[in-house]
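For reference, coords.cif is printed below; it contains mmCIF, C-alpha atoms and all ligand atoms.
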data_work
#
loop_
_atom_site.label_atom_id
_atom_site.label_comp_id
_atom_site.auth_asym_id
_atom_site.auth_seq_id
_atom_site.Cartn_x
_atom_site.Cartn_y
_atom_site.Cartn_z
CA MET A 1 -124.58 -118.00 -12.80
CA LYS A 2 -122.63 -120.71 -11.04
CA LEU A 3 -123.90 -122.16 -7.79
CA LEU A 4 -120.98 -120.54 -6.01
CA THR A 5 -122.43 -117.17 -7.00
CA HIS A 6 -125.98 -118.28 -6.24
CA ASN A 7 -124.78 -119.07 -2.72
CA MET A 8 -123.89 -115.39 -2.23
CA LEU A 9 -126.94 -113.78 -3.85
CA THR A 10 -129.86 -112.45 -1.79
CA SER A 11 -132.98 -110.36 -2.26
CA LYS A 12 -132.54 -108.73 1.14
CA ALA A 13 -132.35 -105.31 -0.52
CA ILE A 14 -136.11 -105.47 -1.12
CA LYS A 15 -138.01 -103.40 1.43
CA GLY A 16 -139.42 -105.63 4.17
CA VAL A 17 -137.47 -108.74 3.24
CA GLN A 18 -135.73 -110.35 6.25
CA THR A 19 -133.02 -112.53 4.71
CA GLY A 20 -134.00 -113.09 1.07
CA PHE A 21 -131.89 -116.23 1.04
CA PRO A 22 -131.55 -118.69 -0.56
CA LEU A 23 -133.19 -117.57 -3.77
CA ASN A 24 -135.20 -120.27 -5.52
CA ILE A 25 -133.95 -121.18 -8.96
CA VAL A 26 -136.03 -121.75 -12.08
CA VAL A 27 -133.80 -123.41 -14.65
CA LYS A 28 -134.44 -122.99 -18.36
CA LYS A 29 -130.99 -123.69 -19.74
CA THR A 30 -127.70 -124.78 -18.18
CA LYS A 31 -124.20 -125.24 -19.48
CA THR A 32 -121.36 -127.32 -18.09
CA VAL A 33 -117.79 -126.19 -18.56
CA GLU A 34 -114.95 -128.31 -17.30
CA THR A 35 -112.74 -126.22 -15.06
CA GLU A 36 -109.45 -126.95 -13.41
CA PHE A 37 -109.86 -128.67 -10.07
CA SER A 38 -108.05 -127.11 -7.15
CA SER A 39 -108.60 -128.64 -3.75
CA GLU A 40 -107.18 -125.49 -2.18
CA PHE A 41 -109.85 -123.42 -3.92
CA ILE A 42 -112.64 -125.68 -2.66
CA GLN A 43 -111.15 -125.69 0.85
CA ARG A 44 -111.06 -121.89 0.81
CA MET A 45 -114.68 -121.64 -0.36
CA LEU A 46 -116.15 -124.19 2.06
CA PRO A 47 -116.19 -121.90 5.11
CA LYS A 48 -117.91 -119.18 3.05
CA LEU A 49 -120.69 -121.45 1.83
CA ASP A 50 -124.13 -121.92 3.25
CA TRP A 51 -124.21 -125.69 2.91
CA PRO A 52 -127.99 -126.34 3.01
CA ALA A 53 -128.53 -123.63 0.38
CA PHE A 54 -125.84 -125.19 -1.81
CA LEU A 55 -127.37 -128.68 -1.47
CA LYS A 56 -130.82 -127.46 -2.35
CA ALA A 57 -129.60 -125.53 -5.38
CA ALA A 58 -127.51 -128.49 -6.56
CA GLN A 59 -130.57 -130.71 -6.31
CA THR A 60 -132.58 -128.23 -8.39
CA LEU A 61 -129.91 -128.45 -11.06
CA GLY A 62 -129.74 -132.23 -10.81
CA VAL A 63 -126.13 -132.34 -9.64
CA GLY A 64 -126.68 -132.96 -5.95
CA SER A 65 -126.70 -136.75 -5.71
CA GLN A 66 -122.98 -137.14 -4.91
CA LEU A 67 -122.86 -134.37 -2.33
CA PRO A 68 -122.57 -135.12 1.40
CA ASP A 69 -125.33 -133.98 3.78
CA SER A 70 -122.97 -131.80 5.75
CA PRO A 71 -119.93 -129.79 4.68
CA PRO A 72 -116.84 -131.97 4.46
CA THR A 73 -114.11 -131.88 7.05
CA GLU A 74 -110.40 -131.75 6.36
CA THR A 75 -110.19 -135.51 6.10
CA THR A 76 -112.66 -135.72 3.24
CA ASP A 77 -111.24 -137.49 0.22
CA GLU A 78 -110.74 -135.95 -3.16
CA THR A 79 -113.72 -137.71 -4.79
CA VAL A 80 -116.07 -135.74 -2.57
CA LEU A 81 -114.19 -132.49 -3.19
CA ARG A 82 -114.41 -133.15 -6.92
CA SER A 83 -118.16 -133.58 -6.83
CA ILE A 84 -118.41 -130.32 -4.86
CA HIS A 85 -116.19 -128.66 -7.46
CA HIS A 86 -118.47 -129.89 -10.22
CA ALA A 87 -121.68 -128.58 -8.67
CA LEU A 88 -120.11 -125.36 -7.42
CA VAL A 89 -118.24 -124.04 -10.44
CA GLU A 90 -118.68 -126.27 -13.48
CA VAL A 91 -122.42 -126.06 -13.95
CA GLU A 92 -123.85 -122.71 -14.89
CA VAL A 93 -127.43 -121.50 -15.22
CA ILE A 94 -127.52 -119.66 -18.54
CA GLU A 95 -131.22 -118.85 -18.77
CA GLY A 96 -133.70 -118.90 -15.94
CA GLU A 97 -135.00 -117.02 -12.95
CA LEU A 98 -134.21 -116.40 -9.34
CA ILE A 99 -137.16 -116.03 -7.00
CA CYS A 100 -137.20 -114.20 -3.68
CA PRO A 101 -138.26 -116.75 -1.03
CA GLU A 102 -140.28 -114.12 0.85
CA THR A 103 -141.96 -111.98 -1.83
CA GLU A 104 -141.84 -114.20 -4.93
CA ARG A 105 -140.20 -111.29 -6.78
CA LYS A 106 -138.54 -112.71 -9.90
CA PHE A 107 -135.07 -111.84 -11.13
CA PRO A 108 -134.19 -112.89 -14.68
CA ILE A 109 -130.98 -114.72 -15.53
CA SER A 110 -129.96 -114.18 -19.13
CA ASN A 111 -126.70 -115.12 -20.82
CA GLY A 112 -125.65 -116.49 -17.45
CA ILE A 113 -126.01 -113.13 -15.71
CA PRO A 114 -128.59 -112.52 -13.00
CA ASN A 115 -130.27 -109.13 -13.11
CA MET A 116 -130.85 -108.13 -9.50
CA LEU A 117 -131.82 -104.49 -10.12
CA LEU A 118 -134.80 -103.27 -8.12
CA ASN A 119 -137.19 -100.46 -8.85
CA GLU A 120 -137.09 -97.45 -6.59
CA ASP A 121 -140.45 -98.31 -5.06
CA GLU A 122 -139.14 -101.71 -3.97
CA ILE A 123 -136.32 -100.45 -1.77
CA MET B 1 -90.71 -95.75 -27.67
CA PHE B 2 -89.26 -97.26 -30.83
CA LEU B 3 -90.95 -99.92 -32.84
CA THR B 4 -89.74 -103.45 -32.91
CA THR B 5 -91.11 -106.57 -34.51
CA GLU B 6 -90.39 -108.57 -31.40
CA GLU B 7 -93.20 -109.53 -29.08
CA PRO B 8 -93.22 -107.27 -26.07
CA ARG B 9 -91.55 -109.08 -23.20
CA VAL B 10 -94.01 -109.84 -20.48
CA GLU B 11 -92.41 -110.10 -17.09
CA PHE B 12 -93.62 -112.96 -15.00
CA ASP B 13 -95.21 -110.82 -12.35
CA SER B 14 -96.52 -107.94 -14.41
CA MET B 15 -100.22 -107.52 -14.85
CA GLU B 16 -101.37 -107.87 -18.39
CA THR B 17 -103.99 -105.42 -19.61
CA PRO B 18 -106.96 -107.42 -20.88
CA ARG B 19 -108.28 -106.75 -24.34
CA THR B 20 -111.80 -105.36 -24.26
CA SER B 21 -114.29 -104.72 -27.02
CA ALA B 22 -115.63 -101.24 -27.60
CA VAL B 23 -119.32 -101.52 -26.82
CA GLU B 24 -121.52 -98.50 -27.01
CA SER B 25 -122.77 -97.49 -23.56
CA VAL B 26 -120.02 -99.43 -21.75
CA TYR B 27 -117.17 -97.41 -20.27
CA ASP B 28 -114.07 -97.85 -22.39
CA PRO B 29 -110.95 -98.49 -20.30
CA ALA B 30 -109.15 -95.18 -19.85
CA GLU B 31 -106.35 -93.63 -17.78
CA ASP B 32 -108.35 -94.17 -14.58
CA SER B 33 -108.84 -97.87 -15.33
CA PHE B 34 -105.13 -98.25 -16.06
CA LEU B 35 -104.10 -96.39 -12.91
CA LEU B 36 -106.22 -98.75 -10.84
CA ILE B 37 -104.59 -101.75 -12.54
CA ASP B 38 -101.16 -100.18 -11.91
CA ALA B 39 -101.99 -99.74 -8.22
CA LEU B 40 -103.04 -103.38 -7.93
CA GLU B 41 -99.85 -104.38 -9.67
CA ILE B 42 -97.74 -102.37 -7.24
CA ASP B 43 -99.48 -104.13 -4.37
CA LEU B 44 -99.63 -107.55 -6.02
CA ASP B 45 -97.28 -109.26 -3.55
CA ARG B 46 -99.23 -107.84 -0.64
CA ILE B 47 -102.47 -108.98 -2.24
CA ARG B 48 -101.17 -112.50 -2.85
CA GLU B 49 -99.98 -112.70 0.74
CA LEU B 50 -103.55 -112.07 1.85
CA LYS B 51 -104.52 -115.31 0.11
CA PRO B 52 -107.82 -113.73 -0.87
CA SER B 53 -110.86 -116.01 -1.21
CA ILE B 54 -113.38 -113.43 -2.34
CA CYS B 55 -112.76 -110.40 -4.50
CA LEU B 56 -115.58 -108.03 -5.42
CA GLU B 57 -115.52 -105.22 -7.96
CA ILE B 58 -118.24 -102.59 -7.91
CA GLY B 59 -118.93 -100.96 -11.27
CA CYS B 60 -116.84 -103.34 -13.39
CA GLY B 61 -117.66 -101.69 -16.75
CA SER B 62 -115.75 -103.54 -19.47
CA GLY B 63 -114.25 -105.87 -16.85
CA VAL B 64 -110.71 -104.76 -17.60
CA VAL B 65 -109.70 -104.43 -13.94
CA ILE B 66 -111.18 -107.61 -12.49
CA SER B 67 -109.95 -109.70 -15.42
CA ALA B 68 -106.39 -108.41 -14.99
CA LEU B 69 -106.56 -109.26 -11.31
CA ALA B 70 -108.13 -112.67 -11.86
CA LYS B 71 -105.22 -113.70 -14.02
CA CYS B 72 -102.69 -112.95 -11.27
CA VAL B 73 -104.44 -114.19 -8.15
CA GLU B 74 -105.06 -117.88 -7.60
CA ASN B 75 -107.78 -119.77 -5.79
CA CYS B 76 -110.06 -116.80 -5.41
CA THR B 77 -113.64 -116.12 -6.46
CA PHE B 78 -114.07 -112.93 -8.45
CA LEU B 79 -117.47 -111.27 -8.29
CA ALA B 80 -118.38 -108.09 -10.14
CA THR B 81 -121.45 -105.90 -10.28
CA ASP B 82 -122.54 -103.08 -12.55
CA VAL B 83 -125.86 -101.28 -12.85
CA ASN B 84 -125.49 -101.36 -16.59
CA PRO B 85 -126.56 -104.80 -17.89
CA ILE B 86 -124.48 -104.39 -21.03
CA ALA B 87 -121.41 -103.75 -18.90
CA ALA B 88 -122.04 -106.91 -16.88
CA GLU B 89 -122.09 -108.84 -20.14
CA ALA B 90 -119.05 -107.10 -21.54
CA ALA B 91 -117.14 -107.88 -18.35
CA LYS B 92 -118.04 -111.53 -18.54
CA PHE B 93 -116.86 -111.62 -22.12
CA THR B 94 -113.58 -109.85 -21.32
CA ALA B 95 -112.88 -112.32 -18.53
CA GLN B 96 -113.61 -115.28 -20.79
CA ARG B 97 -111.24 -113.98 -23.40
CA HIS B 98 -108.48 -113.00 -20.99
CA LEU B 99 -108.48 -116.14 -18.90
CA PRO B 100 -108.13 -119.75 -20.00
CA GLU B 101 -111.58 -121.37 -20.12
CA GLN B 102 -110.74 -123.96 -17.45
CA LYS B 103 -109.87 -121.12 -15.11
CA THR B 104 -112.61 -118.58 -15.59
CA CYS B 105 -113.85 -117.64 -12.19
CA VAL B 106 -115.23 -114.14 -12.80
CA GLN B 107 -118.96 -113.95 -12.13
CA THR B 108 -120.96 -110.84 -12.88
CA ALA B 109 -124.37 -109.62 -11.74
CA VAL B 110 -126.45 -106.58 -12.61
CA ALA B 111 -126.97 -104.69 -9.37
CA ASP B 112 -126.63 -101.42 -7.52
CA LEU B 113 -123.35 -101.53 -5.57
CA ASP B 114 -123.28 -104.81 -3.58
CA SER B 115 -127.05 -104.87 -2.98
CA CYS B 116 -127.43 -108.35 -4.50
CA PHE B 117 -125.12 -109.81 -1.84
CA LEU B 118 -126.66 -108.01 1.11
CA GLY B 119 -126.12 -109.93 4.35
CA ARG B 120 -124.12 -112.74 2.69
CA LEU B 121 -120.69 -111.20 2.20
CA ASP B 122 -120.28 -109.25 5.44
CA SER B 123 -116.67 -109.59 6.71
CA LYS B 124 -115.94 -112.01 3.85
CA VAL B 125 -114.53 -109.79 1.12
CA ASP B 126 -110.74 -109.86 1.05
CA LEU B 127 -110.38 -107.58 -1.91
CA LEU B 128 -112.83 -104.84 -2.83
CA VAL B 129 -112.16 -102.76 -5.93
CA CYS B 130 -113.93 -99.74 -7.38
CA ASN B 131 -113.36 -97.15 -10.06
CA PRO B 132 -116.50 -95.10 -9.43
CA PRO B 133 -118.21 -92.45 -11.53
CA TYR B 134 -116.00 -89.69 -10.12
CA VAL B 135 -116.58 -86.57 -12.23
CA PRO B 136 -118.12 -83.68 -10.25
CA THR B 137 -121.50 -82.80 -11.76
CA THR B 138 -124.62 -80.99 -10.61
CA GLU B 139 -127.33 -83.09 -9.04
CA THR B 140 -129.51 -82.95 -12.15
CA GLU B 141 -126.57 -83.89 -14.34
CA ALA B 142 -126.02 -86.90 -12.12
CA LEU B 143 -129.54 -88.22 -12.57
CA PRO B 144 -129.10 -91.73 -13.94
CA ASP B 145 -131.07 -91.28 -17.15
CA ASP B 146 -128.64 -92.99 -19.46
CA ALA B 147 -126.01 -95.69 -19.14
CA THR B 148 -123.12 -93.65 -20.53
CA LYS B 149 -123.62 -90.93 -17.93
CA LEU B 150 -123.85 -93.51 -15.15
CA ALA B 151 -120.25 -94.33 -15.84
CA TRP B 152 -118.82 -90.91 -15.03
CA ALA B 153 -121.35 -88.54 -13.45
CA GLY B 154 -120.52 -88.46 -9.76
CA GLY B 155 -122.75 -85.68 -8.39
CA PRO B 156 -121.46 -82.65 -6.49
CA GLN B 157 -117.76 -83.36 -5.64
CA GLY B 158 -118.03 -86.54 -7.70
CA THR B 159 -118.41 -88.63 -4.57
CA ASP B 160 -122.09 -89.67 -4.59
CA LEU B 161 -121.27 -93.33 -5.14
CA VAL B 162 -118.18 -93.26 -2.93
CA LYS B 163 -120.22 -91.91 -0.01
CA ARG B 164 -122.69 -94.78 -0.37
CA LEU B 165 -119.96 -97.35 -0.85
CA LEU B 166 -117.75 -96.51 2.16
CA PRO B 167 -120.21 -97.75 4.80
CA ARG B 168 -120.72 -100.89 2.72
CA ALA B 169 -116.96 -101.38 2.51
CA SER B 170 -116.69 -101.28 6.28
CA GLU B 171 -119.26 -104.10 6.46
CA LEU B 172 -117.86 -106.17 3.61
CA LEU B 173 -114.14 -106.23 4.31
CA SER B 174 -112.68 -109.25 6.06
CA HIS B 175 -110.41 -108.35 8.95
CA ARG B 176 -107.32 -108.12 6.74
CA GLY B 177 -109.32 -107.11 3.65
CA CYS B 178 -108.27 -104.25 1.34
CA PHE B 179 -110.41 -101.81 -0.57
CA TYR B 180 -108.81 -100.20 -3.62
CA LEU B 181 -110.60 -97.03 -4.67
CA LEU B 182 -109.87 -94.62 -7.49
CA LEU B 183 -110.32 -90.94 -6.66
CA LEU B 184 -109.97 -87.62 -8.43
CA LYS B 185 -108.30 -84.63 -6.80
CA GLU B 186 -111.65 -82.77 -6.88
CA ASN B 187 -113.16 -85.61 -4.81
CA ASN B 188 -110.95 -84.38 -1.95
CA PRO B 189 -109.23 -87.66 -1.08
CA SER B 190 -108.46 -86.36 2.41
CA ASP B 191 -112.18 -85.84 3.08
CA VAL B 192 -112.85 -89.35 1.82
CA CYS B 193 -110.14 -90.64 4.18
CA SER B 194 -111.67 -88.83 7.18
CA GLU B 195 -115.05 -90.27 6.33
CA ALA B 196 -113.48 -93.73 6.04
CA ARG B 197 -111.69 -93.30 9.38
CA ARG B 198 -115.02 -92.57 11.04
CA LEU B 199 -116.11 -95.98 9.75
CA GLY B 200 -113.00 -97.74 11.07
CA LEU B 201 -111.06 -97.79 7.81
CA GLU B 202 -107.58 -96.38 7.35
CA GLY B 203 -106.63 -95.01 3.92
CA ARG B 204 -103.20 -95.18 2.29
CA LYS B 205 -102.27 -93.61 -1.01
CA VAL B 206 -100.92 -96.23 -3.40
CA ILE B 207 -100.30 -94.13 -6.51
CA GLU B 208 -101.18 -90.80 -8.11
CA ARG B 209 -100.87 -89.58 -11.67
CA ARG B 210 -101.69 -86.48 -13.70
CA CYS B 211 -103.37 -87.48 -16.94
CA ARG B 212 -104.32 -84.61 -19.22
CA ASN B 213 -106.72 -82.48 -17.18
CA GLU B 214 -107.21 -85.05 -14.41
CA HIS B 215 -105.18 -85.65 -11.28
CA LEU B 216 -106.01 -89.21 -10.25
CA PHE B 217 -105.26 -91.23 -7.11
CA VAL B 218 -105.71 -94.78 -5.94
CA TYR B 219 -106.17 -95.31 -2.21
CA CYS B 220 -106.17 -98.57 -0.33
CA PHE B 221 -108.43 -98.76 2.72
CA SER B 222 -108.18 -101.43 5.37
CA ARG B 223 -109.50 -101.95 8.87
CA SER B 224 -107.74 -99.89 11.49
CA ASP B 225 -108.89 -102.32 14.19
CA LYS B 226 -107.16 -105.41 12.77
CA THR B 227 -105.63 -106.49 16.07
CA VAL B 228 -108.89 -106.10 17.97
CA LYS B 229 -110.71 -108.24 15.41
CA LEU B 230 -108.08 -110.95 15.70
CA ALA B 231 -108.61 -111.35 19.44
C1 LIG A 301 -115.64 -95.05 -14.33
S1 LIG A 301 -116.51 -96.52 -14.83
C2 LIG A 301 -115.29 -97.78 -14.45
C3 LIG A 301 -115.42 -99.02 -15.28
C4 LIG A 301 -114.29 -100.04 -15.10
N1 LIG A 301 -114.22 -100.55 -13.74
C5 LIG A 301 -112.97 -99.44 -15.48
O1 LIG A 301 -112.16 -99.18 -14.56
O2 LIG A 301 -112.72 -99.24 -16.66
C6 LIG A 301 -117.75 -96.68 -13.55
C7 LIG A 301 -118.69 -97.90 -13.69
O3 LIG A 301 -119.58 -97.93 -12.56
C8 LIG A 301 -120.88 -98.30 -12.96
N2 LIG A 301 -121.82 -97.82 -11.95
C9 LIG A 301 -122.32 -96.57 -11.77
N3 LIG A 301 -123.14 -96.51 -10.72
C10 LIG A 301 -123.16 -97.77 -10.17
C11 LIG A 301 -123.83 -98.36 -9.06
N4 LIG A 301 -124.64 -97.64 -8.27
N5 LIG A 301 -123.62 -99.68 -8.80
C12 LIG A 301 -122.81 -100.43 -9.61
N6 LIG A 301 -122.16 -99.91 -10.67
C13 LIG A 301 -122.31 -98.61 -10.95
C14 LIG A 301 -121.02 -97.68 -14.34
O4 LIG A 301 -122.01 -98.33 -15.10
C15 LIG A 301 -119.61 -97.86 -14.90
O5 LIG A 301 -119.49 -99.09 -15.60
#
I need this file expressed as structure tokens, please.
Amino acid sequence: MKLLTHNMLTSKAIKGVQTGFPLNIVVKKTKTVETEFSSEFIQRMLPKLDWPAFLKAAQTLGVGSQLPDSPPTETTDETVLRSIHHALVEVEVIEGELICPETERKFPISNGIPNMLLNEDEI
Amino acid sequence: MFLTTEEPRVEFDSMETPRTSAVESVYDPAEDSFLLIDALEIDLDRIRELKPSICLEIGCGSGVVISALAKCVENCTFLATDVNPIAAEAAKFTAQRHLPEQKTCVQTAVADLDSCFLGRLDSKVDLLVCNPPYVPTTETEALPDDATKLAWAGGPQGTDLVKRLLPRASELLSHRGCFYLLLLKENNPSDVCSEARRLGLEGRKVIERRCRNEHLFVYCFSRSDKTVKLA
């Protein structure tokens, strides 16, 4: 699970949960894979991101120190975009857990894939 | 077709079918999967023009469809869900093998439909893709008691999943977004289109094909109120 994906995941499907976002991350194992940098890709993703959620998640993974406090504007230089790229798509949580901020329900992440399935009595 | 020792010529724009591994309990790519890929290929220019940022596949199975797409569309995030955890893994693997490592941007999650993204992807999905379990079955037959059956058993008319997905599609699609859906003749595509219209989506047939005992279609649904949304 990359932080880009984490930024889209919610536990709102649980009965009674208001927003279920952002999910807290428990990290057991991460992996970093260098991926091709495309400033156009980052520019396209920026408007879709919830910036505070991204910052918090990046800090949990220890890759947040270079990130600006607010989402960059068009004039932002490439160094900043590159650090966003790194935190957003190069670091991946391989083993760990996601935790619903409202109910503490845990969702396992194994082999990099979050399992968000709910039992019938939870929905 | 005659045999030749030459490598098959791959045209620049054609969509390459990803290699998948046969995994027990994961749906093996079949005529329906290939028809969906063919439909996306027919519409590839249109899709590229959309400059999609987010593409979501529901029920990715082996990942053959989303991986084919990911190779042809740039600067887009590809998300895929499947209720079958083994399918979510298989899809991740297929994407990793089909795409160069520095480019892999297919992310999978185990979830029912788009439930894991609830409230976060509304009006953000530019490309929604689904090859649902479409085979008409009785209600009991459609009970999800094993992963293999989940892949094809569609309930009466074969549209159980489609009926749940259409209202979600009308929430998820961005104002120019497209939803590619595979349907079987017995699903009554025209009924599906009327249902979609009620939800503000207009259906267009992209391709149809008779394969053995199945008559398959791919429809593309998009918002009928595009101009209103732009204002
Ligand atoms: C006909 S197969 C298509 C697989 C693949 N997309 C292809 O074209 O080869 C349908 C897939 O939908 C998945 N599925 C069934 N019900 C689902 C649900 N409620 N949410 C997500 N995926 C589902 C099945 O596990 C199966 O992998």
What separates CA of Pro189 in chain B and CA of Asp126 in chain B is a distance of 22.4 Å
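All chain A residues having an atom within 6 Å of chain B, based on all atoms listed in the file, amount to Met8, Leu9, Thr10, Lys12, Ala13, Thr35, Glu36, Phe41, Ile113, Pro114, Asn115, Met116 and Leu117 of chain A.
Between CA of Asp43 in chain B and atom C2 of ligand LIG 301 (chain A) the separation is 19.8 Å.
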12 Å contact set for Lys56 in chain A, only C-alpha atoms, chain neighbours under 3 positions out, as a PyMOL selection string = chain A and resi 3+6-7+21-25+50-53+59-65+67-69+87
What gap, in Å, lies between CA of Ser194 in chain B and CA of Ile123 in chain A?
->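 A separation of 28.7 Å between them.
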For ligand LIG 301 (chain A), list the contacting residues at 8 Å or closer, counting all atoms listed in the file, as a ChimeraX atom specification.
-> /B:26-30,32-34,36,57-66,81-84,87,110-114,130-134,147-148,150-152,161
Of the candidates A:Glu95, A:Glu90, A:Glu104, A:Glu40, which shows the shortest atom-to-atom distance to Glu74 in chain A, using all atoms listed in the file?
-> A:Glu40
Using all atoms listed in the file, the shortest atom-to-atom distance to Ser123 in chain B among B:Ala68, B:Cys55, B:Leu143, B:Leu184 belongs to B:Cys55
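For the set B:Tyr219, B:Glu49, B:Arg164, B:Met15, the residue with the smallest atom-to-atom gap to Ser190 in chain B is B:Tyr219, counting all atoms listed in the file.
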Considering all atoms listed in the file, return as number ranges by chain whatever protein or nucleic-acid residues lie within 10 Å of Leu35 in chain B, sequence-local ones (same chain, fewer than 4 positions apart) excluded.
-> B: 30-31, 39-41, 65, 131, 182, 207-209, 211, 216-218
File of the preceding selection, C-alpha atoms, as an mmCIF file, in the coordinates of the input:
data_model
loop_
_atom_site.group_PDB
_atom_site.id
_atom_site.type_symbol
_atom_site.label_atom_id
_atom_site.label_comp_id
_atom_site.auth_asym_id
_atom_site.auth_seq_id
_atom_site.Cartn_x
_atom_site.Cartn_y
_atom_site.Cartn_z
ATOM 1 C CA ALA B 30 -109.150 -95.180 -19.850
ATOM 2 C CA GLU B 31 -106.350 -93.630 -17.780
ATOM 3 C CA ALA B 39 -101.990 -99.740 -8.220
ATOM 4 C CA LEU B 40 -103.040 -103.380 -7.930
ATOM 5 C CA GLU B 41 -99.850 -104.380 -9.670
ATOM 6 C CA VAL B 65 -109.700 -104.430 -13.940
ATOM 7 C CA ASN B 131 -113.360 -97.150 -10.060
ATOM 8 C CA LEU B 182 -109.870 -94.620 -7.490
ATOM 9 C CA ILE B 207 -100.300 -94.130 -6.510
ATOM 10 C CA GLU B 208 -101.180 -90.800 -8.110
ATOM 11 C CA ARG B 209 -100.870 -89.580 -11.670
ATOM 12 C CA CYS B 211 -103.370 -87.480 -16.940
ATOM 13 C CA LEU B 216 -106.010 -89.210 -10.250
ATOM 14 C CA PHE B 217 -105.260 -91.230 -7.110
ATOM 15 C CA VAL B 218 -105.710 -94.780 -5.940
#
Could you name the residues that touch Cys193 in chain B at 10 Å or less, counting only C-alpha atoms, but leaving out those on the same chain fewer than 4 positions away, as a ChimeraX atom specification?
-> /B:166,188-189,197-199,201-205,219-221
Tell me, as number ranges by chain, which residues lie within 7 Å of Leu88 in chain A, counting all atoms listed in the file; anything in the same chain fewer than 4 positions away does not count.
-> A: 2-4, 84
Asn187 in chain B: which residues within 8 Å, counting only C-alpha atoms, same-chain residues fewer than 5 positions away excluded, as a ChimeraX atom specification?
-> /B:134,136,157-159,192
Report as JSON the centre and the edge lengths, in Å to one decimal, of the axis-aligned box holding every listed atom of range 148-166 of chain B, padded by 5 Å on each side.
{"center_x": -120.8, "center_y": -90.0, "center_z": -9.2, "size_x": 16.1, "size_y": 24.7, "size_z": 32.7}
